[in-house]
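In what follows, a single structure is set out as structure tokens and then discussed.
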Amino acid sequence: MVERKEIEHLGDLVKVELKEPEKYVKQVEQILNYFERLDKVEFNSDKTLKNEIQVKTLREDKHVPYEIEGKPLIKSLRKDQNNFIRAPKMI
Amino acid sequence: MTKIGLEIHCQLTKLESKLFCKCKADYRNLPPNSNTCPTCVGLPGSLPLLNRKAVEKAAMISLALECKIPEKISFFRKNYFYPDLPKNFQITQYNAYGPTSIGSEGKVEIEDKEIRIRRIQLEEDPGRLIYEGSSEKTLITLVDYNRAGTPLVEIVTEPDFETPKQVRIFLNVLADLVENIGVADPYLEGALRVDGNISIVNGNRVEIKNVGSFRDIEKALHFEITRQQSLLDRNIPVQAETRHWDEARKITISARTKEEEQDYRYLPEADIPVVVIDKGIIDELQKQMPEGIIAKRDRYVKKYDIQSQVAQVLSSDKFYADLFEKAHNKTNAKEIANIITTDLMGFADTREKKMELKISTTHISDLADAIINNKITRNSGKLALLEMIKTGKSLSEVISNLDLGHVSDVNSLEQIIDEVFKEEEKAVVEARQNADTVNYLVGKVMRKTKGKADPAITIEIIRKKLSN
Amino acid sequence: MNLGISAIEFLSQVKDETISVEEFVAKTIDRIKKVEDKVHAYITLDDKNALEQAKVIDKKIRTKEKVGSCLGMPISIKDNICTAGLKTTCASKMLENFIAPYDATVVSKLKAEDAIIIGKTNLDEFAMGSTTEFSYFGPTKNPWNTEYVPGGSSGGSGVSVSTHECIISLGSDTGGSVRSPASFCSVVGLKPTYGLVSRYGLVSYANSIEQIGPIARTVEDVAFILNILSGLDVHDNTTIGKGDTDYTKDLDAGVSGKKIGIITQMTTDGIDKEVASATNKAISKLQGLGAECIPISLDAVEHSVAAYYTIASAEASSNLARYDNLRYGFDFGIEGYEFKAYVSKVRGNFGPEVTRRILLGAFVLSAGYYGKYYLKAQKVRAMIKSQLEVAFKKVDVLITPTMPILPYKIGEKIDDPLTLYLSDINTITANLSGIPAISVPFEISSSGFPIGIQLLANTLQEKKLLQAAYALQQTTHLRAMPI
């Protein structure tokens, strides 16, 4: 049983304000119940799929400044007059 | 029983680029947000590209700390929201589902104590926050992403330290290590950050965060031990909590904000494939490893016949070990080792004092040679050293300025000894029977010559005269 | 002017100067302006630039200068793929004003071949959905019957190709999002092998699964464009390279002597009757061309929808965390807010489907649940892959209907997420395992809805896949789309 409290907690974890949490309670519960079948699957192996890469193929350690038409990236973002990003303080 | 564990974050400042993009790894003194790109700012559609050298250097740190390096390493996302985190997750490593970080289960020996290393992992630094206006009242944070994505190696130890001094020595060893491997300058501001956790007499564990310079951690730990002990003395139990080090007042303060149990919802970072570190890579890296401290110590003992205690002290300090390497030759190695460990290290024990030393390898080797060749006594040598450190003048200049020349010329010594015999008639009579009084007479000769008389020759002449 | 020609035909007509690029592009723009009211496939139209580029290309052709292989062909791009200078909104309020400063690799590659990016197409918000009803800018409509959904999440892409509003479109496919609109709109849609096409510039939703995929009117066009899109990319460490494969070569090799596997779990229970009958017809056609068709059972398919939505939601909840409106987004000042309150408030602007998936994702990753859902889902993926390996030892390609159902009416399932999830059962297998899959338009149902047939092949076997798809499409003579 998924309760409204749980939905609100999840909403808080992912920082999404839920205007009508009740609406999600039923749907999330239904879908999670559907996910329960995963618990009953019998596996022959514990393998999971993984892409691999060799160390030699990794990116070389080189400094290349990023510019768009000669200007740094910050010019394309929301900045203040000193090129800082303004954010509310975390209390 | 005091138990201290450490969590250290070391920036790989000597890399050219960040951990996942080509921006500059050392962000210091750059204009705000001038060292960014779509990846480190987390723009939609951007992808992380792992830095090869970061993996190699982190592997070398693991090797130096005798950690196991897995065949395959992988990355995870640690999800939480904070203004300095552009993606609102940090790409890091995580061992809860298997040992996939760059190092685990290592160890290091400090003062004969084995300190176990729990794990070493690669991760990215977040950006920096500045507060608009006075930090108490303002509601606005200014964010600078220049530092976001800077490569970090996190080293976590088991709570095996027993004293703050061991912690200090360990951190110095670690600082020397990362310098030696050529991966970081640990003395740059913010480059080596240390959090500690400490419990005494198996009580509750207290975490200490926000220690600005890694030299402050010793002070912070001392303060904590005192604080906890005084609580226990009053039968007040120590609370398990997080405390912040207040740099200005040099105390730890309880972190008033209740650190919420964070649920980081770790999941694998799918944009970075599993990195295969085959044995060939490890072998290549081993060849590039600088000589370890223990190997160095053993080499000093074997090759130069340096006393094991002296060798231990010398090999543990990169600055002085480097000085030794440059200054010595086969004949004067042992003497130089003694000079450095007995006298020099005492004079200049902090990084600032070391940097201020006006002394060169020539000074040291000249001094050692002069002592070996009896041109100056060890006592005078100490004075000469001090003068050379202060003024940077050459040994010969200092010897003549301070009149430290060795008196070994038999005639001058005989004259001085005759003088002493005249002044100490009673002692001379006693000395014929009592060996201790001979030393007294030697002492008088030393005082007359301001310590410059060669002790061995002096004793010989005195004995000869006494037996006459 | 026939705007419904294939890319290959376009190239031929431009080369022998039967048509000029400028004229074609101008007429395409007229067409777009004419039909958009009815179908709403586009979010952004870059008509002025497109015409300018067309003129430049025409000039280059006239003066015999070197021109890229696309010769000014108008291509639309799903609005979750970054295009420098043009908005990339992901059909979300959160990116309402976002203009990427860089081109996705696939866009750079197309531009280097002188393709003309004519506009950005509509999608389900952040590519989460199978009907394109979850767009912040309103739904896209199926041109075959505008009261019905066009499939999704790349609905705008599928429709723009279907209605001749462009020649080729790029969509993205995470759980069937290229193949479902291809099937519902009667066009061809390919999901390549995971890693064949760079994801640099594709706004992440489920990054261990998704791929950019082309939508076109013919299989030949798909092969042509795949040559351009595919290959190792230095910007994307998950790309795997294709060597010097030419997907257009030997496209007409046919299926004679080939073995085709009919996936039992996707061709029996719960399928619409007309879809089942179309599938049987397709199988017969292929048999008639000399292929041997045998049933193949993949029992892991039973768990695939649960596994897919577990993993996709988990990855979505992390991939979308960055949208806090601080560095880019929409107009909403920070004054008066504390950090957590501000972030929660702005993120309350995600639509209901995105919100659902973020919540689900948070749940399956939260402390204690990782082993129960997420880890098990990953093991299901491996299980599917290994069952497919066994299958591909017996057959060359697999066949299923792309969608088990015909299109829903717009609004019909908008509050029934689980039913929509279940309709992905046929497409999800290819996403979870990483293998390539293609939807070929096969039939129009008696009720007037397109039915697509899906073919799947093993990892990096696009050549084999396209050959079978080509052979199948050659057997069809479909009536024109009504608009």
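Residues are named by chain letter and number: chains run A, B, ... in the order of the structure tokens, numbers start at 1 in each chain, and ligands are numbered from 1 in the order shown.
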
Chain B residues near chain C within 9 Å, closest pair each, using only C-alpha atoms, as a Markdown table:
| residue | atom | partner | partner_atom | distance |
| --- | --- | --- | --- | --- |
| B:Pro38 | CA | C:Pro101 | CA | 8.5 |
| B:Val41 | CA | C:Arg327 | CA | 8.6 |
| B:Gly42 | CA | C:Arg322 | CA | 7.2 |
| B:Leu43 | CA | C:Ala100 | CA | 8.1 |
| B:Pro44 | CA | C:Val203 | CA | 5.0 |
| B:Gly45 | CA | C:Gly201 | CA | 3.9 |
| B:Ser46 | CA | C:Gly201 | CA | 5.9 |
| B:Leu47 | CA | C:Tyr200 | CA | 6.3 |
| B:Pro48 | CA | C:Asp236 | CA | 7.8 |
| B:Leu49 | CA | C:Asn237 | CA | 6.6 |
| B:Leu50 | CA | C:Asn237 | CA | 8.5 |
| B:Arg77 | CA | C:Ser318 | CA | 8.1 |
| B:Asn79 | CA | C:Ser318 | CA | 6.8 |
| B:Tyr80 | CA | C:Ala321 | CA | 8.4 |
| B:Phe81 | CA | C:Ala321 | CA | 7.8 |
| B:Tyr82 | CA | C:Phe339 | CA | 8.0 |
| B:Pro83 | CA | C:Phe339 | CA | 7.6 |
| B:Leu85 | CA | C:Arg322 | CA | 8.6 |
| B:Pro86 | CA | C:Arg322 | CA | 6.4 |
| B:Lys87 | CA | C:Arg322 | CA | 4.3 |
| B:Asn88 | CA | C:Arg322 | CA | 5.3 |
| B:Phe89 | CA | C:Ser318 | CA | 7.3 |
| B:Leu139 | CA | C:Glu338 | CA | 7.0 |
| B:Ile140 | CA | C:Glu335 | CA | 8.2 |
| B:Asp263 | CA | C:Ala367 | CA | 6.2 |
| B:Tyr264 | CA | C:Ser366 | CA | 7.5 |
| B:Arg265 | CA | C:Leu365 | CA | 4.9 |
| B:Tyr266 | CA | C:Leu365 | CA | 6.8 |
| B:Leu267 | CA | C:Leu365 | CA | 7.3 |
| B:Glu269 | CA | C:Ser208 | CA | 8.7 |
| B:Ala270 | CA | C:Ser208 | CA | 5.2 |
| B:Asp271 | CA | C:Thr238 | CA | 6.4 |
| B:Ile272 | CA | C:Asn237 | CA | 6.5 |
| B:Pro273 | CA | C:Thr238 | CA | 6.5 |

DSSP on the backbone: which residues in region 363-407 of chain C end up as alpha helix (DSSP H)? Give the answer as a ChimeraX atom specification.
/C:363-365,374-394

Which neighbours of region 341-344 of chain B fall inside 7 Å, counting only C-alpha atoms, when residues of the same chain fewer than 5 positions from it are skipped, and could you give them as a list in words?
Val310, Leu314 and Lys382 of chain B

Filtering to C-alpha atoms, could you give me those residues as a CSV table (one decimal), in the first residue's frame?
chain,number,residue,atom,x,y,z
B,310,VAL,CA,68.4,8.1,11.3
B,314,LEU,CA,65.3,11.0,6.9
B,382,LYS,CA,76.3,23.1,14.9

For chain B against chain A, which residues fall within 6 Å using only C-alpha atoms, given as a PyMOL selection string?
chain B and resi 16-17+22-24+32+37+51-53+139-144+273-276

Pairwise distance for CA of Thr391 (chain B) and CA of Ile359 (chain B), rounded to one decimal in Å:
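CA of Ile359 (chain B) lies at a distance of 8.6 Å from CA of Thr391 (chain B).
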
Mind checking which residues fall within 10 Å of region 229-246 of chain B, counting only C-alpha atoms, ignoring those fewer than 4 positions away in the same chain, and posting them as an MDAnalysis selection string?
chainID B and resid 195:201 203:212 216:217 219:221 223:225 250:259

Writer output for current selection, C-alpha atoms, as a PDB file, in the first residue's frame:
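As a result, selection.pdb now contains:
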ATOM      1  CA  ASP B 195      37.709  15.175   7.698  1.00  0.00           C
ATOM      2  CA  GLY B 196      38.310  13.104  10.772  1.00  0.00           C
ATOM      3  CA  ASN B 197      36.298  10.949  13.080  1.00  0.00           C
ATOM      4  CA  ILE B 198      37.383  10.296  16.624  1.00  0.00           C
ATOM      5  CA  SER B 199      36.246   8.380  19.653  1.00  0.00           C
ATOM      6  CA  ILE B 200      37.956   7.903  22.981  1.00  0.00           C
ATOM      7  CA  VAL B 201      37.697   4.902  25.319  1.00  0.00           C
ATOM      8  CA  GLY B 203      32.748   5.947  23.246  1.00  0.00           C
ATOM      9  CA  ASN B 204      30.635   7.547  20.562  1.00  0.00           C
ATOM     10  CA  ARG B 205      32.240   8.656  17.342  1.00  0.00           C
ATOM     11  CA  VAL B 206      32.433  12.352  16.575  1.00  0.00           C
ATOM     12  CA  GLU B 207      32.972  13.558  13.027  1.00  0.00           C
ATOM     13  CA  ILE B 208      35.034  16.671  12.482  1.00  0.00           C
ATOM     14  CA  LYS B 209      34.511  18.519   9.229  1.00  0.00           C
ATOM     15  CA  ASN B 210      35.555  21.765   7.643  1.00  0.00           C
ATOM     16  CA  VAL B 211      39.211  21.617   8.651  1.00  0.00           C
ATOM     17  CA  GLY B 212      40.711  24.125   6.254  1.00  0.00           C
ATOM     18  CA  ASP B 216      44.974  22.130  11.403  1.00  0.00           C
ATOM     19  CA  ILE B 217      43.588  18.617  11.714  1.00  0.00           C
ATOM     20  CA  LYS B 219      44.991  20.838  16.416  1.00  0.00           C
ATOM     21  CA  ALA B 220      41.374  19.950  15.865  1.00  0.00           C
ATOM     22  CA  LEU B 221      41.922  16.380  17.014  1.00  0.00           C
ATOM     23  CA  PHE B 223      40.972  19.871  20.940  1.00  0.00           C
ATOM     24  CA  GLU B 224      38.423  17.112  20.464  1.00  0.00           C
ATOM     25  CA  ILE B 225      40.283  14.662  22.659  1.00  0.00           C
ATOM     26  CA  LYS B 250      40.400  27.029  17.135  1.00  0.00           C
ATOM     27  CA  ILE B 251      37.571  24.973  18.560  1.00  0.00           C
ATOM     28  CA  THR B 252      35.058  22.473  17.301  1.00  0.00           C
ATOM     29  CA  ILE B 253      31.425  23.466  17.266  1.00  0.00           C
ATOM     30  CA  SER B 254      28.436  21.215  17.033  1.00  0.00           C
ATOM     31  CA  ALA B 255      26.884  21.416  13.578  1.00  0.00           C
ATOM     32  CA  ARG B 256      23.559  22.921  14.522  1.00  0.00           C
ATOM     33  CA  THR B 257      21.817  21.818  11.352  1.00  0.00           C
ATOM     34  CA  LYS B 258      20.662  18.276  11.794  1.00  0.00           C
ATOM     35  CA  GLU B 259      22.417  16.490   8.987  1.00  0.00           C
TER      36      GLU B 259
END

Residue contacts of Pro186 (chain B) (10 Å, only C-alpha atoms) excluding same-chain residues fewer than 2 positions away, as a count of residues only
23

Determine, counting only C-alpha atoms, which protein, DNA and RNA residues have an atom within 12 Å of an atom of region 66-72 of chain B; residues of the same chain fewer than 4 positions away are not included. Present the result as a PDB file with N, CA and C atoms, in the first residue's frame.
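As written to disk, around-v9.pdb reads:
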ATOM      1  N   LYS A  50      27.208  -4.981 -19.336  1.00  0.00           N
ATOM      2  CA  LYS A  50      28.093  -3.854 -19.082  1.00  0.00           C
ATOM      3  C   LYS A  50      28.915  -3.547 -20.324  1.00  0.00           C
ATOM      4  N   ASN A  51      28.931  -2.265 -20.676  1.00  0.00           N
ATOM      5  CA  ASN A  51      29.876  -1.841 -21.723  1.00  0.00           C
ATOM      6  C   ASN A  51      31.237  -1.739 -21.087  1.00  0.00           C
ATOM      7  N   GLU A  52      32.297  -2.033 -21.865  1.00  0.00           N
ATOM      8  CA  GLU A  52      33.634  -1.903 -21.315  1.00  0.00           C
ATOM      9  C   GLU A  52      34.486  -0.999 -22.185  1.00  0.00           C
ATOM     10  N   ILE A  53      35.503  -0.425 -21.584  1.00  0.00           N
ATOM     11  CA  ILE A  53      36.437   0.415 -22.337  1.00  0.00           C
ATOM     12  C   ILE A  53      37.826   0.169 -21.771  1.00  0.00           C
ATOM     13  N   GLN A  54      38.839   0.205 -22.611  1.00  0.00           N
ATOM     14  CA  GLN A  54      40.211   0.007 -22.128  1.00  0.00           C
ATOM     15  C   GLN A  54      40.788   1.344 -21.671  1.00  0.00           C
ATOM     16  N   VAL A  55      41.706   1.300 -20.708  1.00  0.00           N
ATOM     17  CA  VAL A  55      42.321   2.536 -20.214  1.00  0.00           C
ATOM     18  C   VAL A  55      42.943   3.316 -21.367  1.00  0.00           C
TER      19      VAL A  55
ATOM     20  N   VAL B  55      42.951   8.237 -14.013  1.00  0.00           N
ATOM     21  CA  VAL B  55      42.851   6.823 -13.638  1.00  0.00           C
ATOM     22  C   VAL B  55      44.244   6.276 -13.315  1.00  0.00           C
ATOM     23  N   GLU B  56      45.216   6.620 -14.163  1.00  0.00           N
ATOM     24  CA  GLU B  56      46.571   6.102 -13.949  1.00  0.00           C
ATOM     25  C   GLU B  56      47.167   6.624 -12.648  1.00  0.00           C
ATOM     26  N   ALA B  58      45.590   7.846 -10.018  1.00  0.00           N
ATOM     27  CA  ALA B  58      44.865   7.314  -8.863  1.00  0.00           C
ATOM     28  C   ALA B  58      45.304   5.878  -8.600  1.00  0.00           C
ATOM     29  N   ALA B  59      45.572   5.148  -9.664  1.00  0.00           N
ATOM     30  CA  ALA B  59      46.052   3.771  -9.499  1.00  0.00           C
ATOM     31  C   ALA B  59      47.425   3.779  -8.820  1.00  0.00           C
ATOM     32  N   MET B  60      48.232   4.771  -9.152  1.00  0.00           N
ATOM     33  CA  MET B  60      49.559   4.849  -8.525  1.00  0.00           C
ATOM     34  C   MET B  60      49.430   5.162  -7.035  1.00  0.00           C
ATOM     35  N   ILE B  61      48.483   6.015  -6.691  1.00  0.00           N
ATOM     36  CA  ILE B  61      48.251   6.285  -5.264  1.00  0.00           C
ATOM     37  C   ILE B  61      47.824   4.995  -4.583  1.00  0.00           C
ATOM     38  N   SER B  62      46.961   4.235  -5.241  1.00  0.00           N
ATOM     39  CA  SER B  62      46.541   2.956  -4.671  1.00  0.00           C
ATOM     40  C   SER B  62      47.720   2.022  -4.474  1.00  0.00           C
ATOM     41  N   ASN B  95      31.395   1.296  -3.458  1.00  0.00           N
ATOM     42  CA  ASN B  95      31.752  -0.121  -3.348  1.00  0.00           C
ATOM     43  C   ASN B  95      30.674  -1.010  -2.744  1.00  0.00           C
ATOM     44  N   GLY B  98      30.035  -4.184  -4.631  1.00  0.00           N
ATOM     45  CA  GLY B  98      31.226  -4.869  -5.141  1.00  0.00           C
ATOM     46  C   GLY B  98      32.374  -3.886  -5.182  1.00  0.00           C
ATOM     47  N   PRO B  99      33.622  -4.385  -5.064  1.00  0.00           N
ATOM     48  CA  PRO B  99      34.781  -3.480  -5.010  1.00  0.00           C
ATOM     49  C   PRO B  99      35.124  -2.963  -6.401  1.00  0.00           C
ATOM     50  N   THR B 100      34.510  -1.833  -6.769  1.00  0.00           N
ATOM     51  CA  THR B 100      34.759  -1.305  -8.111  1.00  0.00           C
ATOM     52  C   THR B 100      35.477   0.039  -8.091  1.00  0.00           C
ATOM     53  N   SER B 101      35.919   0.492  -6.914  1.00  0.00           N
ATOM     54  CA  SER B 101      36.663   1.755  -6.913  1.00  0.00           C
ATOM     55  C   SER B 101      38.134   1.449  -7.131  1.00  0.00           C
ATOM     56  N   ILE B 102      38.924   2.497  -7.367  1.00  0.00           N
ATOM     57  CA  ILE B 102      40.296   2.342  -7.850  1.00  0.00           C
ATOM     58  C   ILE B 102      41.217   1.644  -6.835  1.00  0.00           C
ATOM     59  N   GLY B 103      40.843   1.622  -5.546  1.00  0.00           N
ATOM     60  CA  GLY B 103      41.693   0.933  -4.577  1.00  0.00           C
ATOM     61  C   GLY B 103      40.908   0.544  -3.342  1.00  0.00           C
ATOM     62  N   SER B 104      41.298  -0.560  -2.728  1.00  0.00           N
ATOM     63  CA  SER B 104      40.662  -0.949  -1.466  1.00  0.00           C
ATOM     64  C   SER B 104      41.624  -1.819  -0.674  1.00  0.00           C
ATOM     65  N   GLU B 105      41.364  -1.913   0.628  1.00  0.00           N
ATOM     66  CA  GLU B 105      42.122  -2.805   1.529  1.00  0.00           C
ATOM     67  C   GLU B 105      43.625  -2.598   1.427  1.00  0.00           C
ATOM     68  N   GLY B 106      44.062  -1.369   1.656  1.00  0.00           N
ATOM     69  CA  GLY B 106      45.503  -1.101   1.629  1.00  0.00           C
ATOM     70  C   GLY B 106      46.031  -0.878   3.030  1.00  0.00           C
ATOM     71  N   LYS B 107      47.332  -0.504   3.114  1.00  0.00           N
ATOM     72  CA  LYS B 107      47.872  -0.181   4.436  1.00  0.00           C
ATOM     73  C   LYS B 107      49.110   0.677   4.324  1.00  0.00           C
ATOM     74  N   VAL B 108      49.416   1.349   5.437  1.00  0.00           N
ATOM     75  CA  VAL B 108      50.583   2.218   5.511  1.00  0.00           C
ATOM     76  C   VAL B 108      51.120   2.097   6.933  1.00  0.00           C
ATOM     77  N   GLU B 109      52.474   2.166   7.087  1.00  0.00           N
ATOM     78  CA  GLU B 109      53.047   2.020   8.429  1.00  0.00           C
ATOM     79  C   GLU B 109      53.473   3.388   8.934  1.00  0.00           C
ATOM     80  N   GLU B 114      50.314   0.032  12.055  1.00  0.00           N
ATOM     81  CA  GLU B 114      49.767  -0.204  10.725  1.00  0.00           C
ATOM     82  C   GLU B 114      48.427   0.512  10.604  1.00  0.00           C
ATOM     83  N   ILE B 115      48.331   1.390   9.632  1.00  0.00           N
ATOM     84  CA  ILE B 115      47.073   2.091   9.374  1.00  0.00           C
ATOM     85  C   ILE B 115      46.450   1.467   8.131  1.00  0.00           C
ATOM     86  N   ARG B 116      45.248   0.927   8.281  1.00  0.00           N
ATOM     87  CA  ARG B 116      44.609   0.271   7.144  1.00  0.00           C
ATOM     88  C   ARG B 116      43.852   1.303   6.310  1.00  0.00           C
ATOM     89  N   ILE B 117      43.965   1.152   4.992  1.00  0.00           N
ATOM     90  CA  ILE B 117      43.232   2.025   4.079  1.00  0.00           C
ATOM     91  C   ILE B 117      41.993   1.275   3.633  1.00  0.00           C
ATOM     92  N   ARG B 118      40.819   1.842   3.916  1.00  0.00           N
ATOM     93  CA  ARG B 118      39.585   1.138   3.552  1.00  0.00           C
ATOM     94  C   ARG B 118      39.343   1.209   2.050  1.00  0.00           C
ATOM     95  N   ARG B 119      39.409   2.410   1.510  1.00  0.00           N
ATOM     96  CA  ARG B 119      39.194   2.516   0.067  1.00  0.00           C
ATOM     97  C   ARG B 119      39.762   3.812  -0.482  1.00  0.00           C
ATOM     98  N   ILE B 120      39.987   3.780  -1.797  1.00  0.00           N
ATOM     99  CA  ILE B 120      40.402   4.970  -2.534  1.00  0.00           C
ATOM    100  C   ILE B 120      39.464   5.081  -3.719  1.00  0.00           C
ATOM    101  N   GLN B 121      38.947   6.253  -3.982  1.00  0.00           N
ATOM    102  CA  GLN B 121      38.043   6.393  -5.117  1.00  0.00           C
ATOM    103  C   GLN B 121      38.278   7.704  -5.858  1.00  0.00           C
ATOM    104  N   ILE B 155      40.399   9.288  -0.069  1.00  0.00           N
ATOM    105  CA  ILE B 155      41.076   8.189   0.645  1.00  0.00           C
ATOM    106  C   ILE B 155      40.427   8.053   2.013  1.00  0.00           C
ATOM    107  N   VAL B 156      39.933   6.884   2.309  1.00  0.00           N
ATOM    108  CA  VAL B 156      39.279   6.649   3.601  1.00  0.00           C
ATOM    109  C   VAL B 156      40.083   5.609   4.375  1.00  0.00           C
ATOM    110  N   THR B 157      40.440   5.957   5.608  1.00  0.00           N
ATOM    111  CA  THR B 157      41.194   4.994   6.427  1.00  0.00           C
ATOM    112  C   THR B 157      40.273   4.333   7.440  1.00  0.00           C
ATOM    113  N   PRO B 273      31.616   3.736 -19.519  1.00  0.00           N
ATOM    114  CA  PRO B 273      31.689   2.271 -19.511  1.00  0.00           C
ATOM    115  C   PRO B 273      32.602   1.782 -18.389  1.00  0.00           C
ATOM    116  N   VAL B 274      32.484   0.523 -18.067  1.00  0.00           N
ATOM    117  CA  VAL B 274      33.374  -0.102 -17.089  1.00  0.00           C
ATOM    118  C   VAL B 274      34.798  -0.030 -17.636  1.00  0.00           C
ATOM    119  N   VAL B 275      35.741   0.443 -16.842  1.00  0.00           N
ATOM    120  CA  VAL B 275      37.110   0.615 -17.315  1.00  0.00           C
ATOM    121  C   VAL B 275      37.934  -0.615 -16.949  1.00  0.00           C
ATOM    122  N   VAL B 276      38.502  -1.242 -17.962  1.00  0.00           N
ATOM    123  CA  VAL B 276      39.287  -2.453 -17.724  1.00  0.00           C
ATOM    124  C   VAL B 276      40.737  -2.065 -17.453  1.00  0.00           C
ATOM    125  N   ILE B 277      41.208  -2.431 -16.280  1.00  0.00           N
ATOM    126  CA  ILE B 277      42.608  -2.128 -15.936  1.00  0.00           C
ATOM    127  C   ILE B 277      43.367  -3.442 -15.941  1.00  0.00           C
ATOM    128  N   ASP B 278      43.998  -3.749 -17.072  1.00  0.00           N
ATOM    129  CA  ASP B 278      44.653  -5.053 -17.132  1.00  0.00           C
ATOM    130  C   ASP B 278      46.028  -5.015 -16.477  1.00  0.00           C
ATOM    131  N   LYS B 279      46.576  -6.181 -16.255  1.00  0.00           N
ATOM    132  CA  LYS B 279      47.829  -6.297 -15.521  1.00  0.00           C
ATOM    133  C   LYS B 279      48.937  -5.502 -16.202  1.00  0.00           C
ATOM    134  N   GLY B 280      48.902  -5.443 -17.527  1.00  0.00           N
ATOM    135  CA  GLY B 280      49.925  -4.712 -18.275  1.00  0.00           C
ATOM    136  C   GLY B 280      50.000  -3.249 -17.842  1.00  0.00           C
ATOM    137  N   ILE B 281      48.822  -2.650 -17.648  1.00  0.00           N
ATOM    138  CA  ILE B 281      48.785  -1.256 -17.205  1.00  0.00           C
ATOM    139  C   ILE B 281      49.413  -1.136 -15.820  1.00  0.00           C
ATOM    140  N   ILE B 282      49.027  -2.029 -14.920  1.00  0.00           N
ATOM    141  CA  ILE B 282      49.550  -1.980 -13.554  1.00  0.00           C
ATOM    142  C   ILE B 282      51.069  -2.124 -13.576  1.00  0.00           C
ATOM    143  N   ASP B 283      51.579  -3.039 -14.394  1.00  0.00           N
ATOM    144  CA  ASP B 283      53.030  -3.223 -14.467  1.00  0.00           C
ATOM    145  C   ASP B 283      53.717  -1.956 -14.945  1.00  0.00           C
ATOM    146  N   LEU B 285      52.634   1.067 -14.639  1.00  0.00           N
ATOM    147  CA  LEU B 285      52.542   2.083 -13.587  1.00  0.00           C
ATOM    148  C   LEU B 285      53.538   1.798 -12.466  1.00  0.00           C
ATOM    149  N   GLN B 286      53.700   0.515 -12.149  1.00  0.00           N
ATOM    150  CA  GLN B 286      54.679   0.147 -11.116  1.00  0.00           C
ATOM    151  C   GLN B 286      56.059   0.686 -11.469  1.00  0.00           C
ATOM    152  N   GLY B 292      59.521   4.060  -2.729  1.00  0.00           N
ATOM    153  CA  GLY B 292      58.704   4.163  -1.527  1.00  0.00           C
ATOM    154  C   GLY B 292      59.565   4.492  -0.321  1.00  0.00           C
TER     155      GLY B 292
END

Test item: residues at most 10 Å from Glu36 (chain A), only C-alpha atoms, excluding those fewer than 3 positions along its chain, as an NGL selection string
(:A and (31-33 or 39-41)) or (:C and (306 or 372-373))

Got time to write the residues from that selection, C-alpha atoms, as a CSV table (one decimal), in the first residue's frame?
chain,number,residue,atom,x,y,z
A,31,ILE,CA,2.8,0.6,-11.3
A,32,LEU,CA,4.9,-0.5,-8.3
A,33,ASN,CA,2.6,-3.5,-7.9
A,39,ASP,CA,11.0,-10.1,-7.3
A,40,LYS,CA,9.6,-13.5,-8.4
A,41,VAL,CA,11.8,-14.0,-11.5
C,306,ALA,CA,8.6,-4.1,-15.6
C,372,LYS,CA,14.6,-5.6,-5.1
C,373,TYR,CA,13.8,-3.7,-8.3

For the structure I just gave you, how does DSSP split region 320-476 of chain C - specifically, which residues are strand (DSSP E or B)? Reply as a PyMOL selection string.
chain C and resi 397-401+409+437-444+450-456

Each region 218-254 of chain C residue no farther than 12 Å from region 427-446 of chain C, nearest pair in Å, only C-alpha atoms, as CSV:
residue,atom,partner,partner_atom,distance
C:Thr218,CA,C:Val440,CA,8.4
C:Val219,CA,C:Val440,CA,7.8
C:Glu220,CA,C:Val440,CA,11.5
C:Val222,CA,C:Ile438,CA,9.8
C:Ala223,CA,C:Ile438,CA,11.3
C:Thr238,CA,C:Gly434,CA,11.9
C:Ile240,CA,C:Gly434,CA,11.9

My list of candidates is A:Glu22, A:Glu29, A:Met1, A:Val16. Which is closest to chain C when distances are computed with only C-alpha atoms?
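Among A:Glu22, A:Glu29, A:Met1, A:Val16, it is A:Val16 that comes nearest to chain C.
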
Which of these, C:Asp424, C:Asp252, C:Asp37, C:Asp415, has the shortest distance to chain A once you count only C-alpha atoms?
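Ranking C:Asp424, C:Asp252, C:Asp37, C:Asp415 by distance to chain A, first place goes to C:Asp415.
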
Any idea what the distance is between CA of Gln461 (chain C) and CA of Ser180 (chain C)?
21.1 Å

Find the distance between CA of Ile91 (chain B) and CA of Ala382 (chain C) and write it in Å to one decimal.
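If I compute the distance from CA of Ile91 (chain B) to CA of Ala382 (chain C), I get 24.5 Å.
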